[in-house]
Amino acid sequence: MATSSSLSWPIAKPNCKTHCGNISIPYPFGIGPNKDCYYDEWFEIECTNNSRGHKPFLRRTQPKLEVLNISMEGTLLVVNPATFFYEGNRSTRQLAPNLTGGPLIYSQTSNKINVMSCGFSALVRSESDQLVLGGCFSACNGYSYGYELYDCFNGINCCQATLPPYLTLIATKIQYLETDEHLLTYYDYAFLAEQTWFQNYNISNATMELKEAWFLEDLPRFRAIEASMGMVPVVLDWKIRLYDDSSYFTIFKGFIGSHSSYNDSRPYCEASSSSYYVSTLDCSCVCPLGFEGNPYLLQPCQGTWSDLFHYLFL
C-alpha cells in the first residue's frame with residue numbers, strides 16, 4: 001500500500017507545507033490557514049506544536065483527531081480515546097467524533113468496536129437516530145470478580161462488534177444483566193480500534209492495571225493509565241465531495257472515466273452518488289497502472305508505459 005510518507009513526487013499544492021512533523025500531508029488534505037492548500041474544511045490539517053513535537057490534527061472534528069498517516073488509497077489513520085463507563089453508567093455514550101455531513105466515514109473493514117467488561121450486552125447505535133446497528137455479549141470467567149487477572153477472549157471478559165457500512169456517528173450502551181448487579185461498581189470501557197492494533201496490543205495487562213488501581217483507590221495511577229489509553233488507532237475512509245454548483249465539480253468532472261491509451265499518464269477518477277446529498281458526488285482519484293503521483297493535484301502522474309511493462313513482466 002502506498003502511503004503519504006513514502007511519496008517522492010509533489011504531494012501538495014505550490015507554496016503549501018508538505019509535512020507536519022514527520023507526517024506527510026498530501027492534497028486534498030492541507031495545512032491552513034491558506035484555504036487554497038486543502039480541498040475543503042474537512043480536509044484542513046492543524047499542525048500543533050506540543051510536548052511531543054509537531055503533530056497534525058483534523059481541525060473540523062470535535063474533539064480534533066490526531067492524524068498518524070494519510071494514504072492516497074483513501075484511508076486516514078487517526079487516534080481516538082477510549083470511552084469509560086464509571087460504576088456501571090447505563091447511559092448511551094458516544095465512542096468517536098461526529099462525522100455526519102462530511103466525506104469521512106469510519107471504516108467498516110478496518111475497525112471493530114471493543115467493549116471491556118463482563119456480564120453485559122453492548123448495543124451499538126447511531127446516536128443521531130438511536131437505531132440499534134449491532135451489538136455483542138460478554139460472559140464472565142472465574143477471575144472476573146477480582147482484579148488478579150483479566151484475560152480477554154472475544155465473548156469472555158470482553159466482546160467485539162463489527163461496524164455497519166457508511167457509519168459517521170457511533171455510540172454504545174452497556175446493559176448489565178440483572179443477575180450481575182454487583183458488577184456495576186466495576187470500571188468498564190469501550191473503544192473503536194483498528195483490528196490489527198487490537199490483535200497485537202496486550203489489552204489484558206492494561207485492563208488488569210486499571211482494575212487494580214480502581215480497587216486500591218490509587219487515583220493518580222488510575223488517571224495515568226486512563227490517559228495512556230487515549231491513543232487508540234482508528235481508520236477513516238475518505239473521498240472528496242463534489243457539489244454540482246462548485247468550481248471543483250467542473251474541474252474534476254473532466255477526469256471521471258477511463259483513459260483512451262495505455263500511455264496516458266493523466267489521473268482518472270471514479271464518482272458515485274453521495275449518501276447524504278442528491279446533488280453531490282463522492283469522488284476518488286488514482287494514477288494509471290504503472291504511474292505514480294498524487295492524482296488529486298490533477299497533474300500528469302510520473303512514469304511511462306515502459307515502467308508498466310517492467311512492473312508487469314520483470
# chains A, B, ... in the order shown; residues from 1 in each chain; ligands from 1

call {"tool": "residues_around", "arguments": {"residues": "Pro300 of chain A", "least_positions_apart": "6", "cutoff": "12 Å", "atoms": "only C-alpha atoms", "output": "list of chain:residue names"}}
result
A:Trp9, A:Pro10, A:Phe255, A:Asn263, A:Asp264, A:Ser265, A:Arg266, A:Pro267, A:Tyr268, A:Val286, A:Cys287, A:Pro288, A:Phe291, A:Glu292, A:Gly293, A:Asn294

call {"tool": "write_last_selection", "arguments": {"atoms": "N, CA, C and O atoms", "output": "PDB file, in the first residue's frame"}}
result
ATOM      1  N   TRP A   9       7.223  12.307  -5.164  1.00  0.00           N
ATOM      2  CA  TRP A   9       6.745  13.257  -6.146  1.00  0.00           C
ATOM      3  C   TRP A   9       6.013  14.396  -5.428  1.00  0.00           C
ATOM      4  O   TRP A   9       5.754  14.309  -4.226  1.00  0.00           O
ATOM      5  N   PRO A  10       5.654  15.461  -6.138  1.00  0.00           N
ATOM      6  CA  PRO A  10       4.903  16.551  -5.487  1.00  0.00           C
ATOM      7  C   PRO A  10       3.612  16.028  -4.874  1.00  0.00           C
ATOM      8  O   PRO A  10       2.842  15.311  -5.523  1.00  0.00           O
ATOM      9  N   PHE A 255     -11.997  14.469 -15.405  1.00  0.00           N
ATOM     10  CA  PHE A 255     -11.102  13.345 -15.130  1.00  0.00           C
ATOM     11  C   PHE A 255     -11.873  12.074 -14.760  1.00  0.00           C
ATOM     12  O   PHE A 255     -11.266  11.047 -14.454  1.00  0.00           O
ATOM     13  N   ASN A 263      -0.585   4.667 -22.579  1.00  0.00           N
ATOM     14  CA  ASN A 263       0.496   5.555 -22.182  1.00  0.00           C
ATOM     15  C   ASN A 263      -0.026   6.901 -21.665  1.00  0.00           C
ATOM     16  O   ASN A 263       0.717   7.864 -21.581  1.00  0.00           O
ATOM     17  N   ASP A 264      -1.294   6.957 -21.342  1.00  0.00           N
ATOM     18  CA  ASP A 264      -1.902   8.188 -20.836  1.00  0.00           C
ATOM     19  C   ASP A 264      -1.571   8.305 -19.354  1.00  0.00           C
ATOM     20  O   ASP A 264      -1.991   7.480 -18.546  1.00  0.00           O
ATOM     21  N   SER A 265      -0.816   9.329 -19.007  1.00  0.00           N
ATOM     22  CA  SER A 265      -0.356   9.481 -17.625  1.00  0.00           C
ATOM     23  C   SER A 265      -1.307  10.311 -16.777  1.00  0.00           C
ATOM     24  O   SER A 265      -1.052  10.526 -15.588  1.00  0.00           O
ATOM     25  N   ARG A 266      -2.394  10.779 -17.357  1.00  0.00           N
ATOM     26  CA  ARG A 266      -3.324  11.604 -16.582  1.00  0.00           C
ATOM     27  C   ARG A 266      -4.031  10.759 -15.521  1.00  0.00           C
ATOM     28  O   ARG A 266      -4.395   9.612 -15.772  1.00  0.00           O
ATOM     29  N   PRO A 267      -4.261  11.328 -14.344  1.00  0.00           N
ATOM     30  CA  PRO A 267      -5.048  10.606 -13.335  1.00  0.00           C
ATOM     31  C   PRO A 267      -6.495  10.496 -13.801  1.00  0.00           C
ATOM     32  O   PRO A 267      -6.950  11.252 -14.650  1.00  0.00           O
ATOM     33  N   TYR A 268      -7.196   9.525 -13.243  1.00  0.00           N
ATOM     34  CA  TYR A 268      -8.618   9.426 -13.537  1.00  0.00           C
ATOM     35  C   TYR A 268      -9.372   9.153 -12.246  1.00  0.00           C
ATOM     36  O   TYR A 268      -8.821   8.663 -11.260  1.00  0.00           O
ATOM     37  N   VAL A 286      -7.126   8.137  -8.894  1.00  0.00           N
ATOM     38  CA  VAL A 286      -5.928   7.296  -8.879  1.00  0.00           C
ATOM     39  C   VAL A 286      -5.068   7.634 -10.087  1.00  0.00           C
ATOM     40  O   VAL A 286      -5.542   8.215 -11.077  1.00  0.00           O
ATOM     41  N   CYS A 287      -3.795   7.243 -10.010  1.00  0.00           N
ATOM     42  CA  CYS A 287      -2.914   7.288 -11.169  1.00  0.00           C
ATOM     43  C   CYS A 287      -3.078   5.989 -11.959  1.00  0.00           C
ATOM     44  O   CYS A 287      -3.352   4.932 -11.375  1.00  0.00           O
ATOM     45  N   PRO A 288      -2.896   6.007 -13.277  1.00  0.00           N
ATOM     46  CA  PRO A 288      -2.986   4.773 -14.068  1.00  0.00           C
ATOM     47  C   PRO A 288      -1.932   3.762 -13.612  1.00  0.00           C
ATOM     48  O   PRO A 288      -0.899   4.130 -13.046  1.00  0.00           O
ATOM     49  N   PHE A 291       2.052   4.172 -13.188  1.00  0.00           N
ATOM     50  CA  PHE A 291       2.382   5.567 -12.940  1.00  0.00           C
ATOM     51  C   PHE A 291       2.212   5.869 -11.454  1.00  0.00           C
ATOM     52  O   PHE A 291       1.450   5.201 -10.750  1.00  0.00           O
ATOM     53  N   GLU A 292       2.915   6.896 -10.985  1.00  0.00           N
ATOM     54  CA  GLU A 292       2.862   7.269  -9.586  1.00  0.00           C
ATOM     55  C   GLU A 292       2.676   8.772  -9.460  1.00  0.00           C
ATOM     56  O   GLU A 292       3.053   9.539 -10.343  1.00  0.00           O
ATOM     57  N   GLY A 293       2.109   9.180  -8.326  1.00  0.00           N
ATOM     58  CA  GLY A 293       1.921  10.597  -8.094  1.00  0.00           C
ATOM     59  C   GLY A 293       0.716  10.844  -7.216  1.00  0.00           C
ATOM     60  O   GLY A 293       0.074   9.908  -6.725  1.00  0.00           O
ATOM     61  N   ASN A 294       0.403  12.111  -7.018  1.00  0.00           N
ATOM     62  CA  ASN A 294      -0.800  12.494  -6.280  1.00  0.00           C
ATOM     63  C   ASN A 294      -1.882  12.825  -7.297  1.00  0.00           C
ATOM     64  O   ASN A 294      -1.868  13.903  -7.905  1.00  0.00           O
TER      65      ASN A 294
END

call {"tool": "residues_around", "arguments": {"residues": "Pro33 of chain A", "least_positions_apart": "6", "cutoff": "10 Å", "atoms": "only C-alpha atoms", "output": "count of residues only"}}
result
3

call {"tool": "select_by_dssp", "arguments": {"residues": "segment 186-302 of chain A", "states": "alpha helix (DSSP H)", "output": "PyMOL selection string"}}
result
chain A and resi 195-200+203-215+219-228+247-253

call {"tool": "atom_distance", "arguments": {"atom1": "atom CA of Leu104 of chain A", "atom2": "atom CA of Pro81 of chain A"}}
result
18.2 Å

call {"tool": "select_by_dssp", "arguments": {"residues": "segment 39-98 of chain A", "states": "strand (DSSP E or B)", "output": "number ranges by chain"}}
result
A: 44-50, 53-58, 65-71, 75-80, 83-85, 93-94

call {"tool": "residues_around", "arguments": {"residues": "Asn114 of chain A", "least_positions_apart": "3", "cutoff": "9 Å", "atoms": "only C-alpha atoms", "output": "list in words"}}
result
Cys158, Cys159, Gln160, Ala161, Tyr189, Ala190, Phe191, Leu192, Ala193 and Phe198 of chain A

call {"tool": "write_last_selection", "arguments": {"atoms": "N, CA, C and O atoms", "output": "CSV table (one decimal), in the first residue's frame"}}
result
chain,number,residue,atom,x,y,z
A,158,CYS,N,-14.8,-9.7,27.5
A,158,CYS,CA,-14.8,-8.6,26.6
A,158,CYS,C,-15.6,-9.1,25.3
A,158,CYS,O,-15.9,-10.3,25.2
A,159,CYS,N,-16.0,-8.2,24.4
A,159,CYS,CA,-16.6,-8.7,23.2
A,159,CYS,C,-16.3,-7.6,22.1
A,159,CYS,O,-15.9,-6.5,22.4
A,160,GLN,N,-16.5,-8.0,20.9
A,160,GLN,CA,-16.3,-7.2,19.7
A,160,GLN,C,-17.5,-7.1,18.9
A,160,GLN,O,-18.3,-8.1,18.8
A,161,ALA,N,-17.7,-6.0,18.2
A,161,ALA,CA,-18.9,-5.8,17.3
A,161,ALA,C,-18.3,-5.2,16.0
A,161,ALA,O,-17.5,-4.3,16.1
A,189,TYR,N,-14.9,-0.1,30.0
A,189,TYR,CA,-14.6,0.9,28.9
A,189,TYR,C,-14.8,0.2,27.6
A,189,TYR,O,-14.8,-1.0,27.4
A,190,ALA,N,-15.0,1.1,26.6
A,190,ALA,CA,-15.2,0.6,25.2
A,190,ALA,C,-14.4,1.6,24.3
A,190,ALA,O,-14.2,2.7,24.6
A,191,PHE,N,-14.1,1.0,23.2
A,191,PHE,CA,-13.3,1.8,22.2
A,191,PHE,C,-13.4,1.3,20.8
A,191,PHE,O,-13.6,0.1,20.6
A,192,LEU,N,-13.4,2.1,19.8
A,192,LEU,CA,-13.3,1.8,18.4
A,192,LEU,C,-11.8,1.6,18.1
A,192,LEU,O,-11.0,2.5,18.5
A,193,ALA,N,-11.4,0.6,17.4
A,193,ALA,CA,-9.9,0.4,17.1
A,193,ALA,C,-9.7,-0.3,15.8
A,193,ALA,O,-10.5,-1.2,15.4
A,198,PHE,N,-5.6,-4.0,17.8
A,198,PHE,CA,-6.2,-4.8,19.0
A,198,PHE,C,-5.6,-6.1,19.1
A,198,PHE,O,-5.4,-6.6,20.2

call {"tool": "closest_residue", "arguments": {"among": "A:Lys13, A:Arg223, A:Lys112, A:Arg59", "to": "Glu194 of chain A", "atoms": "only C-alpha atoms"}}
result
A:Lys112

call {"tool": "residues_around", "arguments": {"residues": "Val79 of chain A", "least_positions_apart": "3", "cutoff": "7 Å", "atoms": "only C-alpha atoms", "output": "number ranges by chain"}}
result
A: 65-67, 231-234

call {"tool": "write_last_selection", "arguments": {"atoms": "C-alpha atoms", "output": "PDB file, in the first residue's frame"}}
result
ATOM      1  CA  LEU A  65      -8.384  13.822  15.924  1.00  0.00           C
ATOM      2  CA  GLU A  66      -4.624  13.405  15.679  1.00  0.00           C
ATOM      3  CA  VAL A  67      -3.508  12.081  12.274  1.00  0.00           C
ATOM      4  CA  MET A 231      -4.076   6.811  21.679  1.00  0.00           C
ATOM      5  CA  VAL A 232      -6.203   4.088  20.099  1.00  0.00           C
ATOM      6  CA  PRO A 233      -5.718   3.976  16.286  1.00  0.00           C
ATOM      7  CA  VAL A 234      -8.849   4.185  14.133  1.00  0.00           C
TER       8      VAL A 234
END

call {"tool": "residues_around", "arguments": {"residues": "Ser117 of chain A", "least_positions_apart": "2", "cutoff": "9 Å", "atoms": "only C-alpha atoms", "output": "ChimeraX atom specification"}}
result
/A:115,119-120,138-140,144,156-159,186-190

call {"tool": "residues_around", "arguments": {"residues": "Tyr39 of chain A", "least_positions_apart": "6", "cutoff": "9 Å", "atoms": "only C-alpha atoms", "output": "PyMOL selection string"}}
result
chain A and resi 27-30+240+248

call {"tool": "atom_distance", "arguments": {"atom1": "atom CA of Ile225 of chain A", "atom2": "atom CA of Pro63 of chain A"}}
result
20.2 Å

call {"tool": "closest_residue", "arguments": {"among": "A:Pro56, A:Gly257, A:Gly101, A:Gly303", "to": "Glu270 of chain A", "atoms": "only C-alpha atoms"}}
result
A:Gly257

call {"tool": "residues_around", "arguments": {"residues": "Phe249 of chain A", "least_positions_apart": "2", "cutoff": "12 Å", "atoms": "only C-alpha atoms", "output": "list in words"}}
result
Tyr39, Ile240, Arg241, Leu242, Tyr243, Asp244, Asp245, Ser246, Ser247, Ile251, Phe252, Lys253, Gly254, Phe255, Ile256, Cys269, Ala271, Ser279, Thr280, Leu281, Asp282 and Cys283 of chain A

call {"tool": "write_last_selection", "arguments": {"atoms": "C-alpha atoms", "output": "short mmCIF file (atom, residue, chain, number, x, y, z; two decimals), in the first residue's frame"}}
result
data_model
loop_
_atom_site.label_atom_id
_atom_site.label_comp_id
_atom_site.auth_asym_id
_atom_site.auth_seq_id
_atom_site.Cartn_x
_atom_site.Cartn_y
_atom_site.Cartn_z
CA TYR A 39 -9.93 20.89 -0.58
CA ILE A 240 -13.69 14.21 -1.95
CA ARG A 241 -17.24 15.52 -2.29
CA LEU A 242 -18.21 17.32 -5.50
CA TYR A 243 -21.10 19.76 -5.28
CA ASP A 244 -22.75 20.41 -8.63
CA ASP A 245 -22.68 24.18 -8.13
CA SER A 246 -18.97 24.38 -7.29
CA SER A 247 -15.95 25.06 -9.48
CA ILE A 251 -12.63 20.66 -12.86
CA PHE A 252 -12.82 17.07 -11.60
CA LYS A 253 -15.62 16.06 -13.97
CA GLY A 254 -13.13 16.10 -16.83
CA PHE A 255 -11.10 13.35 -15.13
CA ILE A 256 -14.01 10.99 -14.40
CA CYS A 269 -11.45 9.47 -11.04
CA ALA A 271 -17.58 9.01 -8.72
CA SER A 279 -26.83 16.93 -5.87
CA THR A 280 -23.32 15.75 -4.97
CA LEU A 281 -20.85 13.05 -5.97
CA ASP A 282 -18.30 11.27 -3.79
CA CYS A 283 -15.14 11.02 -5.86
#

call {"tool": "atom_distance", "arguments": {"atom1": "atom CA of Leu216 of chain A", "atom2": "atom CA of Gln175 of chain A"}}
result
25.9 Å
